Structure formats: C-alpha cells, structure tokens
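*Asks:* Below is the file structure.cif, which contains mmCIF, C-alpha atoms (C1' of nucleotides) and all ligand atoms.
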data_query
loop_
_atom_site.label_atom_id
_atom_site.label_comp_id
_atom_site.auth_asym_id
_atom_site.auth_seq_id
_atom_site.Cartn_x
_atom_site.Cartn_y
_atom_site.Cartn_z
CA MET A 1 31.58 25.82 -11.11
CA LYS A 2 29.57 22.67 -10.41
CA PRO A 3 30.04 19.49 -12.46
CA PRO A 4 26.88 18.45 -14.30
CA SER A 5 24.61 16.37 -12.05
CA ALA A 6 24.14 12.68 -12.68
CA ARG A 7 20.57 13.43 -13.72
CA SER A 8 21.51 15.89 -16.47
CA ARG A 9 24.67 14.29 -17.78
CA ARG A 10 23.31 12.37 -20.76
CA HIS A 11 21.41 15.22 -22.23
CA PRO A 12 18.75 14.31 -24.71
CA PHE A 13 17.19 11.55 -22.61
CA ASP A 14 16.03 9.07 -25.24
CA ALA A 15 12.82 7.56 -23.96
CA GLU A 16 11.96 5.89 -27.26
CA GLN A 17 15.27 4.09 -27.38
CA LEU A 18 14.95 2.90 -23.79
CA LEU A 19 11.48 1.58 -24.49
CA ARG A 20 12.57 -0.35 -27.57
CA GLU A 21 15.59 -1.70 -25.75
CA ALA A 22 13.13 -3.06 -23.20
CA GLY A 23 11.14 -4.69 -25.98
CA LEU A 24 8.19 -2.31 -25.71
CA LYS A 25 6.35 -0.35 -28.36
CA ALA A 26 7.33 3.29 -28.12
CA THR A 27 3.90 4.86 -27.92
CA SER A 28 3.39 8.46 -26.98
CA PRO A 29 1.74 7.73 -23.62
CA ARG A 30 4.76 5.61 -22.75
CA ILE A 31 7.26 8.19 -23.89
CA ALA A 32 5.52 10.89 -21.85
CA LEU A 33 5.35 8.65 -18.80
CA LEU A 34 8.97 7.58 -18.97
CA ARG A 35 10.05 11.20 -19.33
CA ALA A 36 7.93 12.23 -16.37
CA LEU A 37 9.43 9.47 -14.25
CA HIS A 38 12.94 10.41 -15.32
CA ALA A 39 12.41 14.07 -14.61
CA ALA A 40 10.95 13.48 -11.15
CA ALA A 41 13.15 14.11 -8.18
CA ARG A 42 10.98 11.95 -5.93
CA PRO A 43 8.72 8.92 -6.18
CA LEU A 44 5.34 9.96 -7.57
CA SER A 45 1.83 8.58 -7.23
CA ALA A 46 -0.21 7.55 -10.25
CA ALA A 47 -2.31 10.68 -9.75
CA ALA A 48 0.76 12.92 -9.69
CA LEU A 49 2.12 11.26 -12.80
CA HIS A 50 -1.21 11.69 -14.52
CA ALA A 51 -1.13 15.38 -13.73
CA SER A 52 2.45 15.51 -14.90
CA VAL A 53 1.82 13.95 -18.32
CA GLY A 54 -1.31 16.05 -18.82
CA GLY A 55 -3.44 14.93 -21.74
CA ASP A 56 -0.72 12.60 -23.00
CA ALA A 57 -2.19 9.53 -21.35
CA ASP A 58 -5.34 8.26 -19.78
CA VAL A 59 -5.03 7.16 -16.15
CA VAL A 60 -5.85 3.62 -17.13
CA THR A 61 -3.07 3.53 -19.70
CA LEU A 62 -0.81 4.98 -17.10
CA TYR A 63 -1.57 2.24 -14.60
CA ARG A 64 -1.08 -0.39 -17.24
CA ASN A 65 2.23 1.07 -18.26
CA LEU A 66 3.51 1.50 -14.73
CA GLU A 67 2.99 -2.21 -14.31
CA VAL A 68 4.76 -2.94 -17.58
CA PHE A 69 7.65 -0.64 -16.70
CA ALA A 70 8.05 -2.29 -13.31
CA ALA A 71 8.08 -5.71 -14.95
CA GLN A 72 10.78 -4.57 -17.40
CA GLY A 73 12.87 -2.88 -14.75
CA LEU A 74 12.28 0.62 -16.10
CA ALA A 75 10.51 1.72 -12.93
CA ARG A 76 10.10 0.63 -9.35
CA ARG A 77 6.94 0.51 -7.30
CA ILE A 78 6.97 1.57 -3.64
CA GLU A 79 4.08 1.14 -1.22
CA GLY A 80 3.61 4.55 0.35
CA ARG A 81 2.53 4.76 3.97
CA GLU A 82 -0.88 6.25 3.07
CA GLY A 83 -1.83 3.08 1.27
CA HIS A 84 -1.30 4.10 -2.33
CA ALA A 85 1.62 3.17 -4.55
CA LEU A 86 4.47 5.45 -5.65
CA TYR A 87 6.70 4.95 -8.65
CA GLU A 88 10.22 6.00 -9.45
CA CYS A 89 12.57 5.72 -12.36
CA VAL A 90 15.19 2.99 -12.53
CA ASP A 91 18.18 3.70 -14.78
CA ASP A 92 21.94 4.17 -14.52
CA THR A 93 21.46 7.54 -12.83
CA HIS A 94 19.01 6.09 -10.27
CA THR A 95 20.59 3.04 -8.70
CA HIS A 96 19.37 0.88 -5.82
CA HIS A 97 18.51 2.93 -2.74
CA HIS A 98 15.89 3.50 -0.05
CA HIS A 99 14.01 6.44 1.46
CA VAL A 100 13.34 8.63 4.48
CA THR A 101 9.87 10.14 4.55
CA CYS A 102 8.71 13.12 6.59
CA THR A 103 5.63 12.09 8.58
CA VAL A 104 4.41 15.68 8.58
CA CYS A 105 4.71 16.89 5.00
CA GLY A 106 5.33 13.62 3.19
CA ARG A 107 8.61 14.76 1.63
CA MET A 108 10.83 11.84 0.61
CA GLU A 109 14.60 11.83 0.41
CA ASP A 110 16.81 9.12 -1.01
CA VAL A 111 19.15 7.41 1.43
CA GLU A 112 21.98 5.04 0.71
CA LEU A 113 21.79 2.64 3.62
CA CYS A 114 21.15 -0.98 2.76
CA VAL A 115 20.99 -4.47 4.25
CA PRO A 116 24.45 -6.07 4.17
CA PRO A 117 24.62 -9.32 2.16
CA ARG A 118 25.80 -11.33 5.14
CA VAL A 119 22.71 -10.28 7.08
CA LEU A 120 20.56 -11.48 4.20
CA GLU A 121 22.32 -14.84 4.27
CA GLU A 122 21.78 -15.11 7.97
CA VAL A 123 18.07 -14.36 7.62
CA SER A 124 17.77 -16.81 4.77
CA LYS A 125 19.23 -19.49 7.01
CA LYS A 126 17.28 -18.68 10.17
CA ALA A 127 13.91 -18.17 8.51
CA ARG A 128 14.49 -21.17 6.22
CA PHE A 129 14.01 -19.16 3.07
CA ALA A 130 15.65 -20.58 -0.03
CA GLU A 131 16.45 -17.15 -1.39
CA ILE A 132 16.03 -13.48 -0.53
CA GLN A 133 15.23 -11.71 -3.79
CA ASP A 134 14.41 -8.21 -2.76
CA HIS A 135 13.98 -5.85 0.15
CA VAL A 136 12.48 -2.56 1.18
CA ILE A 137 13.65 -0.15 3.86
CA GLU A 138 11.62 2.91 4.67
CA LEU A 139 12.59 5.38 7.37
CA TYR A 140 10.13 7.86 8.84
CA GLY A 141 10.87 11.04 10.69
CA ILE A 142 10.53 14.80 10.69
CA CYS A 143 12.32 16.88 8.09
CA ALA A 144 14.24 20.02 9.04
CA ALA A 145 11.59 22.34 7.59
CA CYS A 146 8.70 20.69 9.44
CA GLN A 147 10.69 20.56 12.66
CA ALA A 148 11.27 24.31 12.35
CA SER A 149 7.58 25.12 11.92
CA LEU A 150 6.58 22.73 14.70
CA THR A 151 9.00 24.46 17.06
CA LYS A 152 7.52 27.81 16.15
CA ILE A 153 3.98 26.67 17.07
CA ARG A 154 4.77 24.65 20.20
CA PRO A 155 8.34 25.40 21.34
CA MET B 1 10.22 -31.06 28.24
CA LYS B 2 9.87 -27.65 26.55
CA PRO B 3 9.57 -24.44 28.57
CA PRO B 4 6.29 -22.61 27.95
CA SER B 5 6.49 -20.35 24.86
CA ALA B 6 6.58 -16.59 25.24
CA ARG B 7 3.08 -16.50 23.71
CA SER B 8 1.50 -18.82 26.23
CA ARG B 9 3.39 -17.83 29.35
CA ARG B 10 0.94 -15.35 30.87
CA HIS B 11 -2.08 -17.54 30.65
CA PRO B 12 -5.38 -15.78 30.88
CA PHE B 13 -4.50 -12.97 28.43
CA ASP B 14 -6.39 -10.05 29.90
CA ALA B 15 -7.61 -8.00 26.98
CA GLU B 16 -9.93 -5.87 29.11
CA GLN B 17 -7.11 -4.85 31.40
CA LEU B 18 -4.84 -3.97 28.51
CA LEU B 19 -7.56 -1.85 26.95
CA ARG B 20 -8.23 0.07 30.15
CA GLU B 21 -4.53 0.55 30.72
CA ALA B 22 -4.45 2.17 27.30
CA GLY B 23 -7.29 4.47 28.31
CA LEU B 24 -9.86 2.76 26.08
CA LYS B 25 -13.34 1.53 26.85
CA ALA B 26 -13.30 -2.25 27.04
CA THR B 27 -16.11 -3.03 24.64
CA SER B 28 -16.73 -6.53 23.36
CA PRO B 29 -15.71 -5.78 19.75
CA ARG B 30 -12.40 -4.47 21.12
CA ILE B 31 -11.84 -7.41 23.40
CA ALA B 32 -12.50 -9.84 20.56
CA LEU B 33 -10.20 -7.93 18.23
CA LEU B 34 -7.36 -7.67 20.70
CA ARG B 35 -7.63 -11.37 21.44
CA ALA B 36 -7.59 -12.21 17.74
CA LEU B 37 -4.51 -10.05 17.23
CA HIS B 38 -2.80 -11.63 20.19
CA ALA B 39 -3.57 -15.14 19.09
CA ALA B 40 -2.36 -14.58 15.53
CA ALA B 41 1.00 -15.98 14.58
CA ARG B 42 1.31 -13.62 11.61
CA PRO B 43 0.15 -10.15 10.59
CA LEU B 44 -3.48 -10.30 9.46
CA SER B 45 -5.57 -8.24 7.08
CA ALA B 46 -8.75 -6.49 8.20
CA ALA B 47 -10.73 -9.13 6.30
CA ALA B 48 -8.91 -11.98 8.04
CA LEU B 49 -9.46 -10.35 11.41
CA HIS B 50 -13.12 -9.87 10.63
CA ALA B 51 -13.42 -13.56 9.83
CA SER B 52 -11.51 -14.34 12.98
CA VAL B 53 -13.77 -12.37 15.33
CA GLY B 54 -16.89 -13.67 13.62
CA GLY B 55 -20.04 -11.83 14.61
CA ASP B 56 -18.27 -10.04 17.44
CA ALA B 57 -17.63 -6.89 15.45
CA ASP B 58 -18.71 -5.09 12.33
CA VAL B 59 -15.95 -4.48 9.78
CA VAL B 60 -16.33 -0.75 10.24
CA THR B 61 -15.83 -1.02 13.97
CA LEU B 62 -12.87 -3.19 13.30
CA TYR B 63 -11.23 -0.62 11.04
CA ARG B 64 -11.91 2.12 13.56
CA ASN B 65 -10.41 0.07 16.36
CA LEU B 66 -7.36 -0.98 14.39
CA GLU B 67 -6.63 2.70 13.96
CA VAL B 68 -7.18 3.35 17.66
CA PHE B 69 -5.01 0.39 18.64
CA ALA B 70 -2.21 1.57 16.37
CA ALA B 71 -2.43 5.05 17.88
CA GLN B 72 -2.22 3.60 21.41
CA GLY B 73 0.59 1.24 20.55
CA LEU B 74 -1.50 -1.91 21.02
CA ALA B 75 -1.08 -2.89 17.38
CA ARG B 76 1.09 -2.11 14.42
CA ARG B 77 0.05 -1.51 10.83
CA ILE B 78 2.11 -2.91 7.97
CA GLU B 79 1.57 -2.09 4.31
CA GLY B 80 1.47 -5.46 2.60
CA ARG B 81 2.90 -5.74 -0.89
CA GLU B 82 -0.52 -6.44 -2.44
CA GLY B 83 -1.72 -3.01 -1.48
CA HIS B 84 -3.78 -3.76 1.60
CA ALA B 85 -2.79 -3.25 5.20
CA LEU B 86 -1.88 -5.94 7.70
CA TYR B 87 -1.99 -5.65 11.46
CA GLU B 88 -0.12 -7.34 14.23
CA CYS B 89 -0.13 -7.29 17.99
CA VAL B 90 2.35 -5.19 19.95
CA ASP B 91 2.99 -6.29 23.54
CA ASP B 92 5.81 -7.61 25.68
CA THR B 93 5.72 -10.96 23.90
CA HIS B 94 5.85 -9.28 20.48
CA THR B 95 8.70 -6.80 20.49
CA HIS B 96 10.10 -4.70 17.67
CA HIS B 97 10.96 -6.77 14.60
CA HIS B 98 10.60 -7.00 10.83
CA HIS B 99 9.53 -9.57 8.24
CA VAL B 100 10.48 -11.83 5.36
CA THR B 101 7.63 -12.56 2.98
CA CYS B 102 7.43 -15.38 0.47
CA THR B 103 6.64 -13.91 -2.95
CA VAL B 104 4.97 -17.16 -3.98
CA CYS B 105 2.65 -18.10 -1.14
CA GLY B 106 2.64 -14.88 0.88
CA ARG B 107 3.82 -16.54 4.09
CA MET B 108 5.45 -14.06 6.49
CA GLU B 109 8.12 -14.84 9.04
CA ASP B 110 9.44 -12.55 11.73
CA VAL B 111 13.10 -11.62 11.48
CA GLU B 112 15.25 -9.87 14.02
CA LEU B 113 17.49 -7.74 11.84
CA CYS B 114 17.26 -4.01 12.41
CA VAL B 115 18.82 -0.70 11.42
CA PRO B 116 21.68 0.11 13.80
CA PRO B 117 21.24 3.39 15.73
CA ARG B 118 24.44 4.87 14.35
CA VAL B 119 23.15 4.38 10.80
CA LEU B 120 19.98 6.23 11.75
CA GLU B 121 22.03 9.12 13.09
CA GLU B 122 24.05 9.22 9.93
CA VAL B 123 20.93 9.32 7.77
CA SER B 124 19.39 11.98 9.97
CA LYS B 125 22.46 14.13 9.41
CA LYS B 126 22.86 13.52 5.68
CA ALA B 127 19.20 13.86 4.76
CA ARG B 128 18.79 16.83 7.13
CA PHE B 129 16.01 15.18 9.07
CA ALA B 130 15.57 16.46 12.62
CA GLU B 131 14.57 13.06 13.89
CA ILE B 132 14.04 9.50 12.68
CA GLN B 133 11.00 8.17 14.51
CA ASP B 134 10.31 4.87 12.92
CA HIS B 135 11.34 2.45 10.21
CA VAL B 136 10.18 -0.52 8.22
CA ILE B 137 12.22 -3.32 6.71
CA GLU B 138 10.56 -5.91 4.56
CA LEU B 139 12.47 -8.73 2.91
CA TYR B 140 11.03 -10.75 0.03
CA GLY B 141 12.09 -14.16 -1.14
CA ILE B 142 11.04 -17.74 -1.60
CA CYS B 143 10.28 -19.94 1.37
CA ALA B 144 11.62 -23.47 1.63
CA ALA B 145 8.24 -25.06 0.90
CA CYS B 146 7.64 -23.01 -2.25
CA GLN B 147 11.18 -23.57 -3.44
CA ALA B 148 10.62 -27.30 -3.10
CA SER B 149 7.44 -27.30 -5.16
CA LEU B 150 8.98 -25.01 -7.78
CA THR B 151 11.90 -27.38 -8.16
CA LYS B 152 9.50 -30.28 -8.62
CA ILE B 153 7.73 -28.53 -11.49
CA ARG B 154 10.72 -27.01 -13.28
CA PRO B 155 13.92 -28.61 -11.95
"C1'" DT C 1 6.17 2.60 -48.84
"C1'" DT C 2 2.60 0.15 -47.39
"C1'" DG C 3 -0.69 -2.52 -45.20
"C1'" DA C 4 -1.63 -6.48 -42.06
"C1'" DC C 5 -1.95 -7.26 -37.29
"C1'" DA C 6 -0.81 -7.69 -32.70
"C1'" DA C 7 -0.17 -4.61 -29.23
"C1'" DA C 8 -1.65 -0.58 -26.92
"C1'" DT C 9 -5.11 2.87 -25.98
"C1'" DG C 10 -9.39 5.32 -24.17
"C1'" DC C 11 -13.68 5.29 -22.27
"C1'" DA C 12 -17.19 3.21 -19.32
"C1'" DA C 13 -18.11 0.21 -15.92
"C1'" DG C 14 -16.66 -2.76 -12.12
"C1'" DT C 15 -13.83 -4.09 -7.81
"C1'" DT C 16 -11.97 -3.77 -3.38
"C1'" DA C 17 -10.23 -1.80 0.66
"C1'" DT C 18 -11.23 1.65 3.57
"C1'" DT C 19 -13.92 5.89 5.31
"C1'" DT C 20 -17.87 8.80 6.66
"C1'" DG C 21 -22.56 10.06 8.40
"C1'" DC C 22 -25.82 9.26 11.63
"C1'" DG C 23 -29.15 7.42 14.74
"C1'" DT C 24 -28.75 3.85 18.46
"C1'" DT C 25 -26.44 1.32 22.08
"C1'" DT C 26 -23.15 0.68 25.81
"C1'" DA C 27 -19.49 1.08 29.24
"C1'" DC C 28 -17.84 3.99 32.60
"C1'" DT C 29 -18.65 7.12 36.53
"C1'" DA C 30 -20.82 9.54 40.01
"C1'" DT D 1 -28.71 3.16 38.94
"C1'" DA D 2 -29.01 7.19 35.93
"C1'" DG D 3 -26.38 10.46 32.83
"C1'" DT D 4 -23.27 10.91 29.24
"C1'" DA D 5 -19.58 10.63 26.12
"C1'" DA D 6 -17.69 7.17 23.70
"C1'" DA D 7 -18.27 3.32 20.70
"C1'" DC D 8 -21.27 0.76 17.67
"C1'" DG D 9 -23.77 -0.97 13.41
"C1'" DC D 10 -25.78 -0.10 9.18
"C1'" DA D 11 -25.96 2.24 4.80
"C1'" DA D 12 -23.81 5.02 1.71
"C1'" DA D 13 -19.61 7.31 -0.03
"C1'" DT D 14 -14.60 7.41 -1.47
"C1'" DA D 15 -10.29 6.33 -3.46
"C1'" DA D 16 -7.29 3.61 -5.85
"C1'" DC D 17 -7.11 0.52 -8.99
"C1'" DT D 18 -8.75 -3.10 -12.60
"C1'" DT D 19 -11.39 -5.10 -16.47
"C1'" DG D 20 -14.03 -5.33 -20.89
"C1'" DC D 21 -14.28 -3.97 -25.29
"C1'" DA D 22 -14.34 -1.36 -29.47
"C1'" DT D 23 -10.87 1.66 -31.76
"C1'" DT D 24 -6.26 3.34 -32.82
"C1'" DT D 25 -1.33 2.91 -33.59
"C1'" DG D 26 3.49 1.29 -33.90
"C1'" DT D 27 6.12 -2.35 -36.13
"C1'" DC D 28 7.72 -5.14 -39.61
"C1'" DA D 29 7.65 -7.93 -43.54
"C1'" DA D 30 6.71 -7.62 -48.20
MN MN A 201 14.24 7.35 -4.67
MN MN A 202 5.62 -9.98 13.02
ZN ZN A 203 8.42 17.56 6.43
ZN ZN A 204 6.21 -19.63 0.06
#
Translate this file's structure into structure tokens.
Ligand SMILES: [Mn+2]
Ligand SMILES: [Mn+2]
Ligand SMILES: [Zn+2]
Ligand SMILES: [Zn+2]

*Replies:*
Amino acid sequence: MKPPSARSRRHPFDAEQLLREAGLKATSPRIALLRALHAAARPLSAAALHASVGGDADVVTLYRNLEVFAAQGLARRIEGREGHALYECVDDTHTHHHHVTCTVCGRMEDVELCVPPRVLEEVSKKARFAEIQDHVIELYGICAACQASLTKIRP
Amino acid sequence: MKPPSARSRRHPFDAEQLLREAGLKATSPRIALLRALHAAARPLSAAALHASVGGDADVVTLYRNLEVFAAQGLARRIEGREGHALYECVDDTHTHHHHVTCTVCGRMEDVELCVPPRVLEEVSKKARFAEIQDHVIELYGICAACQASLTKIRP
DNA sequence: TTGACAAATGCAAGTTATTTGCGTTTACTA
DNA sequence: TAGTAAACGCAAATAACTTGCATTTGTCAA
C-alpha cells in the first residue's frame, strides 16, 4: 500500500485561503487558476491553462493573474524553449527544482540538481556581481518513449 | 605588454570561409551577420543585430540565417528573460559557457560553471531519459554598477 | 447586513517578435 | 559564362502577450 503522495496529502486544497494569505482578492478566475496550477503535473502554457480553466477566466485575466501570482510567489514562470512562457505552482509540495525537457515530444520532468552555493559565491566574485538572486537550469534530451519510437523508425 | 586577446588573435576573421566550411552559400547578408555576431561581446537580440548590420540584411533574412547558423553550430540561441531570443557566436574563441544577467540593467556576463557529466548521467537515469543532449544555466543577480547606484538611492 | 469603493474582470484593440508566401536576385558550378 | 537551386527582400500573416476602458465583484467598515 502506497503512502499518500505529497500532492494529495492536504486534501481539500484551499485556494481561497492561499489567495487571501497572499493578500489577494479571492475571485473565481483566480481560484480556478490556482487550482489548475496546483493540479498540474507539469509546467503549463497560458493557452493550456486557459483550456484547463474553461470558461472560468478570460485569457487576459489569466495573463494578469499569472503575473500577480509570480510576484506573490504563488507561481513560477519558466521560459520554454519554443519562446513562450510556462507556469508552475509554488507551494510546500512543489519546492525549488529544475527540469529536463524532451526535445522530441516536449515532455518535462522535474529534476533535483541545483547549483551549489559555493559555486554561486565564486561566480559572484569572478563576474563582480553584488548578489546572485536566482537561477535557471534546463536540461534537454530524449525521453525513453521517444527514444523507443525513434529506434523503431531508424534503428 | 598584454598578449593579444583570444578574440583578436586570428586577425582577418574569415566569415566567408567559415560559411563555406559549414556548407552554406557565402552571401553578403550572411557575411555581415556572422561578423556582427563575432564582434559582439554579449548575446544580441535580432533587433540589435539588425541595427548592427545596417542595410546589409533585411530582418527576415536575418531571422532565417540565425536559424540556419544555429542549426550548423555557427551560433547559439538563448531565450532571454524578457521573452525574446538572443544570439551569440560559437567558434573556437567562444566555447561552451553560461551567463549571469543583471536583473536591473540587463547586462550579461559569461560564466564558466557547468553541470558535471556525472550529474547528467544521474539525471538521465532518474528521469528515464535516454540521453541528455544539451543544457542551459542562467544566473540572475545584481551587477556591481547597479548595486552601487541602488545603494546611493536607498542606502 | 449592507453599501461604498478599490480592485479585478471581460471584451476589443494594440504591440512586438517572429514566420510565411512569393516573385526576384545571386552565388556556386559546370 | 550560363543554368539553377539557394537565398533574398518585401508585404502580409501569426502568435503571444499587453493595454484601455467600461462594468462587475469581493472586501470591509459602518
Ligand atoms: Mn516543475
Ligand atoms: Mn556568452
Ligand atoms: Zn519525448
Ligand atoms: Zn546591472
């Protein structure tokens, strides 16, 4: 018998509460968006999120709220390789991490590697930067599934 | 007396030769673009490159060639944080590296940190990726100059 | 409970970076 | 030096966001 996953542990995910805790009005477009972000297993584009919330929010509202969420630390924006932005939830069940992306199908997986603090210090010194505030690591490769189908076509 | 810099060592930078070696027709828009990329100290946007080559190439041609260059390994595309792409030269004087970007003024510096091969293997195994082909690391912080002016305003 | 009011929303219109279509030009090759 | 595919420039189209503005809605103090 499996233990409950981190994602499902705290059961009735209280979007309204989280919004108010962040000092934001708990409107229904926001509630729907925050739920969609929380439910997602992978970073999603604005278009995907719009599809996901259905009629619960206009795309414009969605863009505005993604910006607000990012500013309040409720969500994180990632620049996808195809030029458009992706968003993912930030909460106690989704801590700091990075991604591997399949260059064939676009599938993204979380990975736990990170830049060690002492490397950051070193860079800060060498590049003469007063402070390193943030970083992004993105890995690109071929996922097992795509590798399998590629092998089938051109072994 | 300083030794000549890596950038200036091979003096008459032969763009035409490099293009032909890559199997590309050495047209004047391409020569101008490759020279501009080579001369740049930092990754440049398509707009900046267009300004840099002046009347020597239409923006459309420039976009098409940036794609071709990236495919042939003559240039590298970076997704800047503001949503638009940046391009930089790839040649023996510009080897594999990553960047720190100032979140205030946008200045980019090269940094030499990288992901160790054994970490890549580990990720490949854990995420069930057949192969890791590529990676991006971008650091964000505040450069010395911007820190100084910030301190002046709000000490 | 209510109602004032700022904050948030939806729709329409505008930007901006990048792409596509197509007729013309140009660099390579024989 | 001519033939030809590749590359070009111009105009128009997309795609991903953003902005303006009139209308709605959560919040909070009364
Ligand atoms: Mn993630
Ligand atoms: Mn660089
Ligand atoms: Zn894949
Ligand atoms: Zn700076």

*Asks:* Pick the closest to ligand ZN 204 (chain A) from A:Ile132, A:Cys146, A:Ala51, A:Tyr140: which is it, counting only C-alpha atoms and all ligand atoms?

*Replies:*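 Of all the options, A:Ile132 lies closest to ligand ZN 204 (chain A).
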
*Asks:* Show me, as a Markdown table, the residues of chain B having an atom within 9 Å of ligand MN 202 (chain A), each with the closest atom pair and its distance in Å, using all atoms listed in the file.

*Replies:*
| residue | atom | partner | partner_atom | distance |
| --- | --- | --- | --- | --- |
| B:Ala41 | CA | A:MN202 | MN | 7.7 |
| B:Arg42 | CA | A:MN202 | MN | 5.8 |
| B:Pro43 | CA | A:MN202 | MN | 6.0 |
| B:Tyr87 | CA | A:MN202 | MN | 8.9 |
| B:Glu88 | CA | A:MN202 | MN | 6.4 |
| B:Cys89 | CA | A:MN202 | MN | 8.1 |
| B:His94 | CA | A:MN202 | MN | 7.5 |
| B:Thr95 | CA | A:MN202 | MN | 8.7 |
| B:His96 | CA | A:MN202 | MN | 8.3 |
| B:His97 | CA | A:MN202 | MN | 6.4 |
| B:His98 | CA | A:MN202 | MN | 6.2 |
| B:His99 | CA | A:MN202 | MN | 6.2 |
| B:Met108 | CA | A:MN202 | MN | 7.7 |
| B:Glu109 | CA | A:MN202 | MN | 6.8 |
| B:Asp110 | CA | A:MN202 | MN | 4.8 |
| B:Val111 | CA | A:MN202 | MN | 7.8 |

*Asks:* Using all atoms listed in the file, determine which residues lie at most 8 Å from C:DA27, disregarding the query and same-chain residues fewer than 3 positions distant; provide the list as a list in words.

*Replies:*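 Once the adjacent positions are removed, what remains is Lys25, Ala26 and Thr27 of chain B.
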
*Asks:* Measuring atom to atom with only C-alpha atoms and all ligand atoms, identify which of B:Val115, B:Leu74, B:Ala130, B:Val68 is nearest to ligand ZN 203 (chain A).

*Replies:*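 Checking each candidate against ligand ZN 203 (chain A), we get B:Ala130 as the closest.
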
*Asks:* Show me which residues are within 9 Å of ligand ZN 204 (chain A) counting all atoms listed in the file, and format the list as an mmCIF file with C-alpha atoms, keeping the file's coordinate frame.

*Replies:*
data_model
loop_
_atom_site.group_PDB
_atom_site.id
_atom_site.type_symbol
_atom_site.label_atom_id
_atom_site.label_comp_id
_atom_site.auth_asym_id
_atom_site.auth_seq_id
_atom_site.Cartn_x
_atom_site.Cartn_y
_atom_site.Cartn_z
ATOM 1 C CA PHE A 129 14.010 -19.160 3.070
ATOM 2 C CA THR B 101 7.630 -12.560 2.980
ATOM 3 C CA CYS B 102 7.430 -15.380 0.470
ATOM 4 C CA THR B 103 6.640 -13.910 -2.950
ATOM 5 C CA VAL B 104 4.970 -17.160 -3.980
ATOM 6 C CA CYS B 105 2.650 -18.100 -1.140
ATOM 7 C CA GLY B 106 2.640 -14.880 0.880
ATOM 8 C CA ARG B 107 3.820 -16.540 4.090
ATOM 9 C CA MET B 108 5.450 -14.060 6.490
ATOM 10 C CA GLY B 141 12.090 -14.160 -1.140
ATOM 11 C CA ILE B 142 11.040 -17.740 -1.600
ATOM 12 C CA CYS B 143 10.280 -19.940 1.370
ATOM 13 C CA ALA B 144 11.620 -23.470 1.630
ATOM 14 C CA ALA B 145 8.240 -25.060 0.900
ATOM 15 C CA CYS B 146 7.640 -23.010 -2.250
ATOM 16 C CA GLN B 147 11.180 -23.570 -3.440
#

*Asks:* Have a look at atom CA of B:Glu67 and atom CA of B:Arg81 and let me know their distance in Å, one decimal.

*Replies:*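 If I compute the distance from atom CA of B:Glu67 to atom CA of B:Arg81, I get 19.6 Å.
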
*Asks:* When you count only C-alpha atoms (C1' of nucleotides), which of these residues is closest to C:DT20: D:DA2, D:DA11, D:DT19, D:DT27?

*Replies:*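 Closest candidate: D:DA11.
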
*Asks:* Please, which residues are within 8 Å of (-19.4, 7.1, 7.3) by the file's coordinates, counting all atoms listed in the file, and could they come as number ranges by chain?

*Replies:* C: 19-21; D: 12-13

*Asks:* Between C:DT18, C:DT29, C:DT9, C:DT24, single out the one closest to chain A, counting only C-alpha atoms (C1' of nucleotides).

*Replies:* C:DT9

*Asks:* Check which residues of chain B sit at most 12 Å from chain D using all atoms listed in the file, and return one row each with the closest pair of atoms and their distance in Å to one decimal, ordered by chain and rising number, as JSON lines.

*Replies:*
{"residue": "B:Gly23", "atom": "CA", "partner": "D:DA6", "partner_atom": "C1'", "distance": 11.7}
{"residue": "B:Leu24", "atom": "CA", "partner": "D:DA6", "partner_atom": "C1'", "distance": 9.3}
{"residue": "B:Lys25", "atom": "CA", "partner": "D:DA6", "partner_atom": "C1'", "distance": 7.8}
{"residue": "B:Ala26", "atom": "CA", "partner": "D:DA7", "partner_atom": "C1'", "distance": 9.8}
{"residue": "B:Thr27", "atom": "CA", "partner": "D:DA7", "partner_atom": "C1'", "distance": 7.8}
{"residue": "B:Ser28", "atom": "CA", "partner": "D:DC8", "partner_atom": "C1'", "distance": 10.3}
{"residue": "B:Pro29", "atom": "CA", "partner": "D:DC8", "partner_atom": "C1'", "distance": 8.8}
{"residue": "B:Arg30", "atom": "CA", "partner": "D:DA7", "partner_atom": "C1'", "distance": 9.8}
{"residue": "B:Gly55", "atom": "CA", "partner": "D:DG9", "partner_atom": "C1'", "distance": 11.5}
{"residue": "B:Asp56", "atom": "CA", "partner": "D:DC8", "partner_atom": "C1'", "distance": 11.2}
{"residue": "B:Ala57", "atom": "CA", "partner": "D:DC8", "partner_atom": "C1'", "distance": 8.8}
{"residue": "B:Asp58", "atom": "CA", "partner": "D:DG9", "partner_atom": "C1'", "distance": 6.6}
{"residue": "B:Val59", "atom": "CA", "partner": "D:DG9", "partner_atom": "C1'", "distance": 9.3}
{"residue": "B:Val60", "atom": "CA", "partner": "D:DG9", "partner_atom": "C1'", "distance": 8.1}
{"residue": "B:Thr61", "atom": "CA", "partner": "D:DC8", "partner_atom": "C1'", "distance": 6.8}
{"residue": "B:Leu62", "atom": "CA", "partner": "D:DC8", "partner_atom": "C1'", "distance": 10.3}
{"residue": "B:Arg64", "atom": "CA", "partner": "D:DA7", "partner_atom": "C1'", "distance": 9.6}
{"residue": "B:Asn65", "atom": "CA", "partner": "D:DA7", "partner_atom": "C1'", "distance": 9.5}
{"residue": "B:Val68", "atom": "CA", "partner": "D:DA7", "partner_atom": "C1'", "distance": 11.5}
{"residue": "B:Glu82", "atom": "CA", "partner": "D:DC17", "partner_atom": "C1'", "distance": 11.6}
{"residue": "B:Gly83", "atom": "CA", "partner": "D:DA16", "partner_atom": "C1'", "distance": 9.7}
{"residue": "B:His84", "atom": "CA", "partner": "D:DA16", "partner_atom": "C1'", "distance": 11.1}

*Asks:* At what distance in Å, to one decimal, does atom CA of A:Leu18 lie from atom C1' of C:DT2?

*Replies:* 26.8 Å

*Asks:* Would you work out the distance separating atom CA of B:Ala46 from atom CA of B:Tyr63, expressed in Å to one decimal?

*Replies:*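 Taking atom CA of B:Ala46 as the start and atom CA of B:Tyr63 as the end point, the length is 7.0 Å.
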
*Asks:* Compile the residues of chain C that lie within 12 Å of chain A, evaluated using all atoms listed in the file, and express the compilation as a PyMOL selection string.

*Replies:* chain C and resi 6-12+17-18

*Asks:* Ranking B:Pro12, B:Gly54, B:Gly80, B:Gly73 by minimum distance to B:Ile137 and counting all atoms listed in the file, which one comes first?

*Replies:*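 Closest residue, counting all atoms listed in the file: B:Gly80.
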
*Asks:* Closest to chain B among A:Ser52, A:Gln133, A:Gln17, A:Ser149, using all atoms listed in the file?

*Replies:* A:Gln133
